[in-house]
>>> print(open('target_33.txt').read())   # compact mmCIF, C-alpha atoms
# COMPACT_ATOMS: atom_id res chain seq x y z
CA MET C 1364 86.54 128.47 61.00
CA SER C 1365 83.14 128.33 59.42
CA GLN C 1366 83.29 124.59 58.77
CA THR C 1367 81.82 122.23 61.31
CA PHE C 1368 81.18 118.55 61.97
CA THR C 1369 79.08 116.96 64.68
CA LEU C 1370 80.61 115.02 67.58
CA ASP C 1371 78.09 113.15 69.74
CA GLY C 1372 75.47 115.60 68.48
CA GLN C 1373 77.55 118.69 69.28
CA SER C 1374 78.68 121.03 66.51
CA ILE C 1375 82.50 121.27 66.40
CA PRO C 1376 84.22 123.98 64.32
CA PHE C 1377 87.49 123.15 62.60
CA ALA C 1378 90.17 124.64 60.36
CA ASP C 1379 91.45 123.04 57.16
CA GLY C 1380 93.81 120.17 57.91
CA GLN C 1381 92.76 119.72 61.54
CA THR C 1382 92.13 116.20 62.72
CA ILE C 1383 88.98 115.23 64.61
CA LEU C 1384 90.99 114.94 67.83
CA GLN C 1385 92.60 118.38 67.38
CA ALA C 1386 89.28 120.08 66.64
CA ALA C 1387 87.53 118.31 69.51
CA THR C 1388 90.30 119.29 71.96
CA ALA C 1389 90.13 122.92 70.79
CA ALA C 1390 86.37 122.85 71.38
CA GLY C 1391 86.79 121.47 74.90
CA VAL C 1392 85.70 117.92 74.16
CA PHE C 1393 87.95 115.18 75.52
CA ILE C 1394 88.61 112.08 73.43
CA PRO C 1395 90.72 109.48 75.31
CA HIS C 1396 94.18 108.95 73.81
CA LEU C 1397 97.63 107.68 74.79
CA CYS C 1398 100.00 107.73 71.80
CA TYR C 1399 98.79 111.16 70.63
CA HIS C 1400 100.55 114.29 71.88
CA PRO C 1401 99.63 117.73 70.53
CA GLU C 1402 103.26 118.61 69.79
CA PHE C 1403 103.93 115.56 67.64
CA LYS C 1404 102.75 114.02 64.41
CA PRO C 1405 100.05 111.47 65.17
CA HIS C 1406 101.09 107.84 65.31
CA GLY C 1407 97.65 106.21 65.30
CA SER C 1408 98.81 103.10 67.13
CA CYS C 1409 97.11 102.95 70.53
CA LYS C 1410 93.58 103.22 69.05
CA LEU C 1411 92.21 104.65 72.30
CA CYS C 1412 90.98 107.67 70.34
CA THR C 1413 88.90 105.46 68.04
CA VAL C 1414 85.61 107.06 67.04
CA LYS C 1415 82.79 105.95 64.78
CA ILE C 1416 82.18 107.95 61.62
CA ASN C 1417 79.18 107.08 59.53
CA GLY C 1418 79.19 103.61 61.05
CA ARG C 1419 82.93 102.94 60.59
CA GLN C 1420 85.61 103.05 63.25
CA THR C 1421 88.78 105.06 62.79
CA ALA C 1422 91.49 106.74 64.86
CA SER C 1423 90.45 110.35 65.48
CA CYS C 1424 94.10 111.45 65.88
CA THR C 1425 94.87 110.66 62.24
CA MET C 1426 91.48 111.30 60.60
CA ARG C 1427 91.05 114.80 59.18
CA ALA C 1428 87.78 116.55 59.94
CA ILE C 1429 85.40 116.83 56.98
CA PRO C 1430 82.51 119.30 56.88
CA GLY C 1431 79.22 117.75 57.96
CA MET C 1432 80.65 114.41 59.12
CA SER C 1433 78.86 112.74 62.01
CA VAL C 1434 81.20 111.37 64.69
CA GLU C 1435 80.36 109.23 67.72
CA SER C 1436 82.88 109.10 70.56
CA ASP C 1437 81.48 109.05 74.10
CA THR C 1438 79.10 106.13 73.55
CA GLU C 1439 78.80 102.93 75.57
CA GLU C 1440 79.84 100.88 72.52
CA ILE C 1441 83.03 102.85 71.80
CA ASN C 1442 83.95 103.21 75.48
CA ALA C 1443 83.58 99.43 75.96
CA GLU C 1444 86.05 98.89 73.12
CA ARG C 1445 88.40 101.45 74.66
CA ARG C 1446 88.21 99.59 77.97
CA ALA C 1447 89.10 96.34 76.21
CA LEU C 1448 92.13 98.04 74.59
CA LEU C 1449 93.21 99.35 78.01
CA GLN C 1450 92.79 95.90 79.53
CA MET C 1451 95.03 94.42 76.82
CA LEU C 1452 97.66 97.11 77.48
CA PHE C 1453 97.56 96.33 81.20
CA VAL C 1454 97.95 92.55 80.85
CA GLU C 1455 100.66 92.77 78.16
CA GLY C 1456 103.03 94.64 80.45
CA ASN C 1457 103.68 94.63 84.19
CA HIS C 1458 101.51 97.45 85.49
CA PHE C 1459 101.64 97.26 89.27
CA CYS C 1460 100.34 100.69 90.22
CA PRO C 1461 100.92 100.47 94.00
CA ALA C 1462 104.66 100.01 93.39
CA CYS C 1463 104.98 102.52 90.52
CA GLU C 1464 106.46 105.97 91.09
CA GLN C 1465 104.32 107.33 88.29
CA SER C 1466 101.04 106.30 89.91
CA GLY C 1467 98.70 109.28 89.98
CA ASN C 1468 100.54 111.00 87.13
CA CYS C 1469 100.08 108.15 84.65
CA GLN C 1470 97.88 108.70 81.60
CA LEU C 1471 97.26 104.99 81.16
CA GLN C 1472 96.01 104.67 84.73
CA ALA C 1473 94.01 107.90 84.60
CA THR C 1474 92.37 106.88 81.33
CA ALA C 1475 91.46 103.52 82.85
CA TYR C 1476 89.92 105.35 85.84
CA ARG C 1477 87.95 107.65 83.57
CA LEU C 1478 86.63 104.80 81.46
CA GLY C 1479 85.76 102.74 84.54
CA MET C 1480 88.14 99.81 83.96
CA MET C 1481 87.40 97.73 87.07
CA SER C 1482 89.54 94.69 86.20
CA PRO C 1483 92.14 93.56 83.65
CA HIS C 1484 89.64 90.92 82.43
CA PHE C 1485 92.23 89.01 80.36
CA ASP C 1486 94.93 86.61 81.54
CA HIS C 1487 98.17 88.36 82.42
CA PHE C 1488 101.30 87.83 80.32
CA PHE C 1489 103.66 88.70 83.22
CA PRO C 1490 106.47 89.34 80.72
CA SER C 1491 110.07 89.33 81.91
CA ARG C 1492 111.59 92.71 81.12
CA ALA C 1493 114.81 94.04 82.64
CA VAL C 1494 115.04 97.64 83.84
CA ASP C 1495 117.90 99.90 82.73
CA ALA C 1496 119.35 101.67 85.78
CA SER C 1497 122.65 102.54 84.10
CA HIS C 1498 122.03 106.27 83.75
CA PRO C 1499 122.90 108.36 86.83
CA ASP C 1500 119.68 110.42 86.75
CA THR C 1501 117.02 108.42 84.89
CA LEU C 1502 115.75 104.89 85.35
CA LEU C 1503 114.08 103.14 82.43
CA ASP C 1504 111.43 100.66 83.52
CA PHE C 1505 110.38 98.83 80.37
CA ASN C 1506 107.75 96.86 82.30
CA ARG C 1507 105.33 99.72 81.78
CA CYS C 1508 106.09 100.50 78.12
CA ILE C 1509 102.97 100.53 75.92
CA LEU C 1510 104.94 101.17 72.69
CA CYS C 1511 103.32 104.55 72.00
CA SER C 1512 106.62 105.71 70.44
CA LEU C 1513 106.34 109.21 71.91
CA CYS C 1514 109.88 109.04 73.34
CA VAL C 1515 111.11 107.81 69.96
CA ARG C 1516 109.47 110.75 68.20
CA ALA C 1517 110.58 113.28 70.85
CA SER C 1518 114.20 112.12 70.85
CA ARG C 1519 114.35 112.14 67.06
CA ASP C 1520 112.28 115.24 66.23
CA VAL C 1521 112.86 117.60 69.19
CA ASP C 1522 116.05 116.48 70.96
CA GLY C 1523 117.75 115.53 67.68
CA LYS C 1524 119.39 112.55 69.39
CA ASN C 1525 117.64 109.40 68.18
CA VAL C 1526 118.18 107.67 71.50
CA PHE C 1527 115.13 105.37 71.27
CA ALA C 1528 113.52 103.07 68.73
CA LEU C 1529 110.88 100.39 68.53
CA SER C 1530 112.46 97.10 67.52
CA GLY C 1531 110.97 93.77 66.49
CA ARG C 1532 107.49 93.08 65.16
CA GLY C 1533 104.09 92.09 66.49
CA ILE C 1534 104.02 90.79 70.04
CA ARG C 1535 107.85 90.92 70.10
CA THR C 1536 107.96 94.68 69.51
CA ARG C 1537 109.92 96.42 72.23
CA LEU C 1538 111.51 99.75 73.07
CA ILE C 1539 115.28 99.75 72.63
CA VAL C 1540 118.07 102.19 73.43
CA ASN C 1541 120.29 103.23 70.55
CA ALA C 1542 123.72 102.29 71.90
CA LYS C 1543 126.01 99.39 71.16
CA SER C 1544 125.62 98.24 74.77
CA GLY C 1545 121.86 98.94 74.69
CA ARG C 1546 122.30 100.96 77.89
CA LEU C 1547 120.99 104.47 78.45
CA ALA C 1548 124.25 105.53 80.15
CA ASP C 1549 126.07 104.98 76.85
CA THR C 1550 123.95 107.51 74.93
CA ASP C 1551 123.85 111.31 74.99
CA PHE C 1552 120.42 111.21 76.66
CA SER C 1553 119.82 113.93 79.24
CA PRO C 1554 117.01 113.95 81.84
CA THR C 1555 115.95 117.36 80.50
CA ASP C 1556 115.27 115.85 77.06
CA LYS C 1557 111.78 116.09 75.67
CA ALA C 1558 111.84 112.31 75.40
CA ALA C 1559 111.87 112.02 79.20
CA GLU C 1560 108.79 114.17 79.62
CA VAL C 1561 106.32 112.78 77.07
CA CYS C 1562 105.97 109.20 78.36
CA PRO C 1563 102.26 108.55 79.10
CA VAL C 1564 103.14 105.75 81.53
CA GLY C 1565 106.06 105.22 83.92
CA VAL C 1566 109.02 104.13 81.79
CA PHE C 1567 111.08 107.27 82.47
CA LEU C 1568 111.62 107.71 86.19
CA LYS C 1569 113.73 110.51 87.64
CA LYS C 1570 116.01 109.03 90.23
CA ARG C 1571 115.71 110.36 93.78
CA ARG C 1572 112.49 112.26 92.88
CA GLY C 1573 109.95 109.43 92.93
CA PHE C 1574 107.91 110.43 95.94
CA VAL C 1575 108.55 114.20 96.17
CA VAL C 1576 104.82 114.53 95.58
CA PRO C 1577 103.07 111.89 97.70
CA ILE C 1578 100.62 109.41 96.24
CA GLY C 1579 97.13 110.82 96.62
CA GLU C 1580 98.19 114.40 95.81
CA ARG C 1581 99.18 113.89 92.21
CA ARG C 1582 97.82 115.24 88.97
CA TYR C 1583 95.04 112.74 88.33
CA ASP C 1584 94.28 112.32 92.03
CA LYS C 1585 93.11 115.94 91.94
CA ALA C 1586 91.12 115.90 88.71
CA PRO C 1587 90.29 113.20 86.19
CA ILE C 1588 92.19 113.08 82.90
CA GLY C 1589 90.49 115.27 80.32
CA ALA C 1590 89.08 117.63 82.93
CA ALA C 1591 91.55 120.34 81.89
CA ALA C 1592 90.61 119.91 78.21
CA GLU C 1593 86.95 120.22 79.09
CA GLU C 1594 87.52 123.57 80.81
CA VAL C 1595 88.60 125.22 77.52
CA MET Y 45 68.49 101.83 104.12
CA ASN Y 46 65.63 99.86 105.66
CA ALA Y 47 66.60 96.60 107.29
CA PRO Y 48 65.65 93.64 105.11
CA ALA Y 49 63.62 90.67 106.34
CA LYS Y 50 66.55 88.32 105.89
CA LYS Y 51 70.15 89.32 106.40
CA LEU Y 52 72.59 88.65 103.56
CA LYS Y 53 75.36 86.22 104.37
CA VAL Y 54 78.81 87.66 103.65
CA ALA Y 55 81.99 85.58 103.63
CA THR Y 56 85.48 87.08 103.38
CA THR Y 57 89.00 85.73 103.10
CA SER Y 58 92.55 86.78 102.39
CA LEU Y 59 94.48 84.52 99.99
CA ALA Y 60 97.92 85.76 98.89
CA GLY Y 61 97.18 89.11 100.49
CA CYS Y 62 98.44 91.07 103.48
CA PHE Y 63 95.06 91.59 105.22
CA GLY Y 64 95.43 95.28 104.34
CA CYS Y 65 92.12 95.16 102.47
CA HIS Y 66 90.43 93.64 105.51
CA MET Y 67 91.93 96.42 107.64
CA SER Y 68 90.59 98.93 105.14
CA PHE Y 69 87.20 97.22 105.35
CA LEU Y 70 87.26 97.95 109.09
CA ASP Y 71 87.96 101.58 108.16
CA ILE Y 72 84.25 101.95 107.43
CA ASP Y 73 84.28 102.44 111.23
CA GLU Y 74 80.86 102.84 112.86
CA ARG Y 75 79.16 102.20 109.52
CA LEU Y 76 79.96 98.57 110.30
CA PHE Y 77 76.98 98.65 112.68
CA THR Y 78 74.70 99.90 109.91
CA LEU Y 79 76.09 97.17 107.69
CA LEU Y 80 75.37 94.56 110.35
CA ASP Y 81 71.67 95.51 110.21
CA HIS Y 82 71.75 94.14 106.67
CA ILE Y 83 74.34 91.39 106.66
CA GLU Y 84 75.77 88.67 108.83
CA PHE Y 85 79.30 87.37 108.50
CA ASP Y 86 79.82 83.75 107.52
CA ARG Y 87 83.33 82.38 106.93
CA SER Y 88 85.70 85.27 107.61
CA PRO Y 89 88.77 86.14 109.67
CA LEU Y 90 86.30 88.33 111.61
CA THR Y 91 84.28 85.30 112.77
CA ASP Y 92 86.99 82.63 112.55
CA ILE Y 93 84.46 80.33 110.85
CA LYS Y 94 86.59 77.99 108.70
CA THR Y 95 84.24 76.95 105.88
CA CYS Y 96 81.58 78.74 103.82
CA SER Y 97 77.89 77.97 104.34
CA PRO Y 98 76.40 76.74 101.07
CA ASP Y 99 74.02 79.71 100.89
CA CYS Y 100 76.35 82.73 101.12
CA ASP Y 101 75.16 85.78 99.23
CA ILE Y 102 78.41 87.70 98.90
CA GLY Y 103 82.01 86.46 98.97
CA ILE Y 104 84.81 89.01 99.29
CA ILE Y 105 88.26 87.83 98.24
CA GLU Y 106 91.46 89.65 99.10
CA GLY Y 107 94.77 88.53 97.59
CA GLY Y 108 95.79 86.54 94.56
CA LEU Y 109 96.66 82.88 94.15
CA CYS Y 110 100.19 81.84 95.13
CA ASN Y 111 99.61 78.25 96.25
CA ALA Y 112 97.27 75.27 95.90
CA GLU Y 113 95.34 76.09 99.06
CA ASN Y 114 94.51 79.56 97.72
CA VAL Y 115 92.95 77.92 94.66
CA HIS Y 116 91.01 75.48 96.85
CA VAL Y 117 89.62 78.28 99.05
CA LEU Y 118 88.76 80.42 96.04
CA ARG Y 119 86.81 77.55 94.47
CA GLU Y 120 84.98 76.98 97.77
CA PHE Y 121 83.95 80.65 97.79
CA ARG Y 122 82.81 80.56 94.17
CA LYS Y 123 80.78 77.42 94.82
CA ASN Y 124 79.03 78.81 97.90
CA CYS Y 125 78.63 82.52 97.17
CA LYS Y 126 76.09 83.95 94.75
CA THR Y 127 78.17 87.08 94.17
CA LEU Y 128 81.95 87.16 94.27
CA ILE Y 129 83.90 90.39 94.78
CA ALA Y 130 87.64 90.74 94.19
CA ILE Y 131 89.03 93.34 96.57
CA GLY Y 132 92.41 95.04 96.16
CA ALA Y 133 95.29 94.99 93.71
CA CYS Y 134 96.52 91.47 94.57
CA ALA Y 135 93.18 89.79 93.85
CA ILE Y 136 92.85 91.82 90.66
CA ASN Y 137 96.32 91.56 89.10
CA GLY Y 138 98.47 89.51 91.48
CA GLY Y 139 99.93 92.61 93.09
CA LEU Y 140 103.11 92.53 95.12
CA PRO Y 141 103.39 88.70 95.35
CA ALA Y 142 103.28 88.57 91.52
CA GLN Y 143 106.60 90.43 91.44
CA ARG Y 144 108.14 86.95 91.66
CA ASN Y 145 106.52 85.87 88.40
CA HIS Y 146 109.53 86.52 86.16
CA LEU Y 147 111.74 84.32 88.37
CA PRO Y 148 111.69 80.51 88.25
CA LEU Y 149 110.23 79.11 91.48
CA THR Y 150 113.23 76.83 92.05
CA VAL Y 151 115.59 79.81 91.90
CA ILE Y 152 113.49 81.65 94.50
CA LEU Y 153 113.36 78.64 96.86
CA GLU Y 154 117.10 78.13 96.43
CA GLU Y 155 117.84 81.71 97.34
CA VAL Y 156 115.43 81.89 100.27
CA TYR Y 157 116.37 78.58 101.89
CA HIS Y 158 119.88 77.71 100.63
CA THR Y 159 122.06 80.49 99.35
CA SER Y 160 121.01 83.60 101.32
CA PRO Y 161 123.74 84.84 103.64
CA GLY Y 162 123.46 83.49 107.19
CA LEU Y 163 121.73 80.24 106.29
CA ALA Y 164 123.40 77.04 107.44
CA ASN Y 165 122.14 73.65 106.29
CA GLY Y 166 118.95 75.26 105.09
CA MET Y 167 116.36 73.06 103.46
CA VAL Y 168 113.24 73.82 101.43
CA PRO Y 169 110.25 73.04 103.67
CA ASN Y 170 108.42 69.96 102.46
CA ASP Y 171 105.96 69.15 105.22
CA PRO Y 172 102.92 67.49 103.59
CA GLU Y 173 100.66 70.00 105.40
CA LEU Y 174 102.19 72.91 103.53
CA PRO Y 175 100.32 73.84 100.34
CA LEU Y 176 102.48 73.65 97.24
CA PRO Y 177 103.39 77.02 95.74
CA LEU Y 178 102.22 77.77 92.19
CA ASN Y 179 104.80 78.48 89.52
CA GLN Y 180 103.39 81.97 89.18
CA VAL Y 181 101.04 84.13 91.23
CA HIS Y 182 97.72 84.67 89.48
CA PRO Y 183 94.82 87.08 89.94
CA ILE Y 184 91.60 85.34 90.89
CA HIS Y 185 89.64 86.14 87.72
CA GLU Y 186 92.03 83.83 85.85
CA VAL Y 187 90.58 80.87 87.77
CA VAL Y 188 86.93 81.64 88.61
CA LYS Y 189 84.27 84.03 87.39
CA VAL Y 190 84.40 87.23 89.44
CA ASP Y 191 81.32 89.45 89.53
CA TYR Y 192 82.67 92.73 90.91
CA PHE Y 193 86.05 94.33 91.50
CA ILE Y 194 87.11 96.95 94.04
CA PRO Y 195 90.59 98.11 92.96
CA GLY Y 196 93.11 99.81 95.24
CA CYS Y 197 96.06 98.97 97.46
CA PRO Y 198 94.07 98.92 99.58
CA PRO Y 199 90.76 100.38 98.40
CA SER Y 200 89.63 103.03 100.88
CA GLY Y 201 86.97 102.24 103.45
CA ASP Y 202 84.76 104.67 101.54
CA ALA Y 203 85.25 102.75 98.27
CA ILE Y 204 84.38 99.46 99.97
CA TRP Y 205 81.34 101.06 101.64
CA LYS Y 206 80.20 102.49 98.29
CA VAL Y 207 80.34 99.13 96.51
CA LEU Y 208 78.63 97.25 99.35
CA THR Y 209 75.85 99.81 99.78
CA ASP Y 210 75.31 99.94 96.00
CA LEU Y 211 74.97 96.15 95.94
CA LEU Y 212 72.69 96.06 98.99
CA ALA Y 213 70.48 98.68 97.36
CA GLY Y 214 70.36 96.66 94.14
CA ARG Y 215 72.40 99.21 92.17
CA GLU Y 216 75.31 98.49 89.81
CA PRO Y 217 78.37 99.56 91.87
CA GLN Y 218 80.00 102.78 90.66
CA LEU Y 219 83.18 104.19 92.18
CA GLY Y 220 83.90 107.35 90.19
CA HIS Y 221 86.76 109.80 90.58
CA GLY Y 222 88.35 109.89 94.02
CA LEU Y 223 87.23 106.40 95.05
CA MET Y 224 88.61 104.66 91.95
CA HIS Y 225 92.29 103.97 92.65
CA TYR Y 226 94.74 101.29 91.55
CA ASP Y 227 97.34 102.48 94.07
>>> encode(input="target_33.txt", output="structure tokens")
Amino acid sequence: MSQTFTLDGQSIPFADGQTILQAATAAGVFIPHLCYHPEFKPHGSCKLCTVKINGRQTASCTMRAIPGMSVESDTEEINAERRALLQMLFVEGNHFCPACEQSGNCQLQATAYRLGMMSPHFDHFFPSRAVDASHPDTLLDFNRCILCSLCVRASRDVDGKNVFALSGRGIRTRLIVNAKSGRLADTDFSPTDKAAEVCPVGVFLKKRRGFVVPIGERRYDKAPIGAAAEEV
Amino acid sequence: MNAPAKKLKVATTSLAGCFGCHMSFLDIDERLFTLLDHIEFDRSPLTDIKTCSPDCDIGIIEGGLCNAENVHVLREFRKNCKTLIAIGACAINGGLPAQRNHLPLTVILEEVYHTSPGLANGMVPNDPELPLPLNQVHPIHEVVKVDYFIPGCPPSGDAIWKVLTDLLAGREPQLGHGLMHYD
């Protein structure tokens, strides 16, 4: 790995084919992200990982590193845009953290903490979205879905089940369950599926396990998101 | 902190809230005495003063907007307070009361006053003194400009203390990890 690029003035080594986000993570530099997961092909949809390269913005999860490129990430300008994206994600869904079992383990919430999102800023949509409680072990709460497609990719590429899909376009895009009834109970989904584990928010909730770890003692209560990456 | 020449006037209220944020405010415990060297309370449940003085420095709003009176009080605070702070989840995103937002108001009133088990000859209250409910519960920033936000359900006494002392010292309030909570 003799090739390098600079990220906020720091020299980052990379291997051929690595994206900016992959190389930064390997070098212990955290770039906020939600729809990216190291085990899956990048989707490039949440735009939280946006960086500025030679004056132009691009998603660092899909952009391959090029020798000598100059990348800005942790700047006030980029972080303000990331906060605005987070605020839009919060108002588009129903994100009521005090009543959410995922609170404290939620990447969306933890990223908002890290970037100092003090308010939702925009007007709330308060969409009406039904939950799917049909499955005996897993509750799907679509109110929190941010359409990252990680469960879609995990179910298709790892579980080999194709249980989930994004349906519709634009503001009407929504997560659907691949069954004639549209219910999770009528699929071969299992709570041990990869799809159940990759959700960055709180759509997949294990029944009867919600408060085994109390609020205040959860993952991002203990350390901010990205802290583990920065210890590399 | 050195005591200033003139104490800042602070007004507080709970709109569609549960007073949990006010209880958490009291969790600053004996620091309240230090605070009182720097501020005096104007309209607040702590003083039972019913209207804001026109020269309040800081207004602290708990709770969102679920009825017409909430909107009226919020506008009074905005008009009379130089700096407005939204405190707690309900003021910031509607919180628990906003869980009714996907249901039509008439359906809710029907269920609460007419069709719930055990109700006989129930009627929807319509006394002219009762403020009319809004169709949906709204966070306060959707109606007035809000200067600062203290998230949490409730925010800890330490988080409230941090924001107030930052403001009193003329600093931009910063919560940081541990004090910044939405839950």
>>> atom_distance(input="target_33.txt", atom1="atom CA of Phe69 of chain Y", atom2="atom CA of Gly201 of chain Y")
5.4 Å
>>> closest_residue(input="target_33.txt", among="Y:Thr127, Y:Asp171, Y:Gln218, Y:Leu178", to="Thr150 of chain Y", atoms="all atoms listed in the file")
Y:Leu178
>>> atom_distance(input="target_33.txt", atom1="atom CA of Leu1513 of chain C", atom2="atom CA of Gln1450 of chain C")
20.5 Å
>>> residues_around(input="target_33.txt", residues="His1487 of chain C", least_positions_apart="5", cutoff="9 Å", atoms="all atoms listed in the file", output="list in words")
Met1451, Phe1453, Val1454, Glu1455, Gly1456 and Asn1457 of chain C; Asn137, His182, Pro183 and Glu186 of chain Y
>>> closest_residue(input="target_33.txt", among="C:Ala1548, C:Ala1389, C:Met1481, C:Ile1509", to="Ser1408 of chain C", atoms="all atoms listed in the file")
C:Ile1509
>>> atom_distance(input="target_33.txt", atom1="atom CA of Pro1395 of chain C", atom2="atom CA of Lys1410 of chain C")
9.3 Å
>>> closest_atom_pairs(input="target_33.txt", of="chain C", to="chain Y", cutoff="10 Å", atoms="only C-alpha atoms", output="JSON lines")
{"residue": "C:Phe1453", "atom": "CA", "partner": "Y:Asn137", "partner_atom": "CA", "distance": 9.3}
{"residue": "C:Val1454", "atom": "CA", "partner": "Y:Asn137", "partner_atom": "CA", "distance": 8.5}
{"residue": "C:Asn1457", "atom": "CA", "partner": "Y:Gln143", "partner_atom": "CA", "distance": 8.9}
{"residue": "C:His1458", "atom": "CA", "partner": "Y:Asn137", "partner_atom": "CA", "distance": 8.6}
{"residue": "C:Phe1459", "atom": "CA", "partner": "Y:Gly139", "partner_atom": "CA", "distance": 6.3}
{"residue": "C:Cys1460", "atom": "CA", "partner": "Y:Asp227", "partner_atom": "CA", "distance": 5.2}
{"residue": "C:Pro1461", "atom": "CA", "partner": "Y:Asp227", "partner_atom": "CA", "distance": 4.1}
{"residue": "C:Ala1462", "atom": "CA", "partner": "Y:Asp227", "partner_atom": "CA", "distance": 7.8}
{"residue": "C:Cys1463", "atom": "CA", "partner": "Y:Asp227", "partner_atom": "CA", "distance": 8.4}
{"residue": "C:Ser1466", "atom": "CA", "partner": "Y:Asp227", "partner_atom": "CA", "distance": 6.8}
{"residue": "C:Gly1467", "atom": "CA", "partner": "Y:Asp227", "partner_atom": "CA", "distance": 8.1}
{"residue": "C:Gln1472", "atom": "CA", "partner": "Y:Tyr226", "partner_atom": "CA", "distance": 7.7}
{"residue": "C:Ala1473", "atom": "CA", "partner": "Y:His225", "partner_atom": "CA", "distance": 9.1}
{"residue": "C:Ala1475", "atom": "CA", "partner": "Y:Tyr226", "partner_atom": "CA", "distance": 9.6}
{"residue": "C:Tyr1476", "atom": "CA", "partner": "Y:Met224", "partner_atom": "CA", "distance": 6.3}
{"residue": "C:Arg1477", "atom": "CA", "partner": "Y:His221", "partner_atom": "CA", "distance": 7.4}
{"residue": "C:Leu1478", "atom": "CA", "partner": "Y:Gly220", "partner_atom": "CA", "distance": 9.5}
{"residue": "C:Gly1479", "atom": "CA", "partner": "Y:Gly220", "partner_atom": "CA", "distance": 7.5}
{"residue": "C:Met1480", "atom": "CA", "partner": "Y:Met224", "partner_atom": "CA", "distance": 9.4}
{"residue": "C:Met1481", "atom": "CA", "partner": "Y:Phe193", "partner_atom": "CA", "distance": 5.7}
{"residue": "C:Ser1482", "atom": "CA", "partner": "Y:Ile136", "partner_atom": "CA", "distance": 6.3}
{"residue": "C:Pro1483", "atom": "CA", "partner": "Y:Asn137", "partner_atom": "CA", "distance": 7.2}
{"residue": "C:His1484", "atom": "CA", "partner": "Y:His185", "partner_atom": "CA", "distance": 7.1}
{"residue": "C:Phe1485", "atom": "CA", "partner": "Y:Glu186", "partner_atom": "CA", "distance": 7.6}
{"residue": "C:Asp1486", "atom": "CA", "partner": "Y:Glu186", "partner_atom": "CA", "distance": 5.9}
{"residue": "C:His1487", "atom": "CA", "partner": "Y:Asn137", "partner_atom": "CA", "distance": 7.6}
{"residue": "C:Phe1488", "atom": "CA", "partner": "Y:Asn145", "partner_atom": "CA", "distance": 9.8}
{"residue": "C:Phe1489", "atom": "CA", "partner": "Y:Asn145", "partner_atom": "CA", "distance": 6.6}
{"residue": "C:Pro1490", "atom": "CA", "partner": "Y:His146", "partner_atom": "CA", "distance": 6.8}
{"residue": "C:Ser1491", "atom": "CA", "partner": "Y:His146", "partner_atom": "CA", "distance": 5.1}
{"residue": "C:Arg1492", "atom": "CA", "partner": "Y:His146", "partner_atom": "CA", "distance": 8.2}
{"residue": "C:Ala1493", "atom": "CA", "partner": "Y:His146", "partner_atom": "CA", "distance": 9.8}
{"residue": "C:Ile1578", "atom": "CA", "partner": "Y:Asp227", "partner_atom": "CA", "distance": 8.0}
{"residue": "C:Gly1579", "atom": "CA", "partner": "Y:Asp227", "partner_atom": "CA", "distance": 8.7}
{"residue": "C:Tyr1583", "atom": "CA", "partner": "Y:His221", "partner_atom": "CA", "distance": 9.1}
{"residue": "C:Asp1584", "atom": "CA", "partner": "Y:Gly222", "partner_atom": "CA", "distance": 6.7}
{"residue": "C:Lys1585", "atom": "CA", "partner": "Y:Gly222", "partner_atom": "CA", "distance": 8.0}
{"residue": "C:Ala1586", "atom": "CA", "partner": "Y:His221", "partner_atom": "CA", "distance": 7.7}
{"residue": "C:Pro1587", "atom": "CA", "partner": "Y:His221", "partner_atom": "CA", "distance": 6.6}
{"residue": "C:Ile1588", "atom": "CA", "partner": "Y:His221", "partner_atom": "CA", "distance": 10.0}
>>> residues_around(input="target_33.txt", residues="Arg1519 of chain C", least_positions_apart="4", cutoff="12 Å", atoms="all atoms listed in the file", output="PDB file with C-alpha atoms, in the frame of the given file")
ATOM      1  CA  PHE C1403     103.930 115.560  67.640  1.00  0.00           C
ATOM      2  CA  SER C1512     106.620 105.710  70.440  1.00  0.00           C
ATOM      3  CA  LEU C1513     106.340 109.210  71.910  1.00  0.00           C
ATOM      4  CA  CYS C1514     109.880 109.040  73.340  1.00  0.00           C
ATOM      5  CA  VAL C1515     111.110 107.810  69.960  1.00  0.00           C
ATOM      6  CA  GLY C1523     117.750 115.530  67.680  1.00  0.00           C
ATOM      7  CA  LYS C1524     119.390 112.550  69.390  1.00  0.00           C
ATOM      8  CA  ASN C1525     117.640 109.400  68.180  1.00  0.00           C
ATOM      9  CA  VAL C1526     118.180 107.670  71.500  1.00  0.00           C
ATOM     10  CA  PHE C1527     115.130 105.370  71.270  1.00  0.00           C
ATOM     11  CA  ALA C1528     113.520 103.070  68.730  1.00  0.00           C
ATOM     12  CA  ASN C1541     120.290 103.230  70.550  1.00  0.00           C
ATOM     13  CA  PHE C1552     120.420 111.210  76.660  1.00  0.00           C
ATOM     14  CA  ASP C1556     115.270 115.850  77.060  1.00  0.00           C
ATOM     15  CA  LYS C1557     111.780 116.090  75.670  1.00  0.00           C
ATOM     16  CA  ALA C1558     111.840 112.310  75.400  1.00  0.00           C
TER      17      ALA C1558
END
>>> axis_aligned_box(input="target_33.txt", around="segment 80-99 of chain Y", padding_each_side="8 Å", output="lines of an AutoDock Vina configuration file")
center_x = 80.2
center_y = 86.1
center_z = 106.8
size_x = 33.1
size_y = 34.8
size_z = 27.9
>>> closest_residue(input="target_33.txt", among="Y:Ile184, Y:Val115, Y:Ala55, Y:Ala60", to="Ser97 of chain Y", atoms="all atoms listed in the file")
Y:Ala55
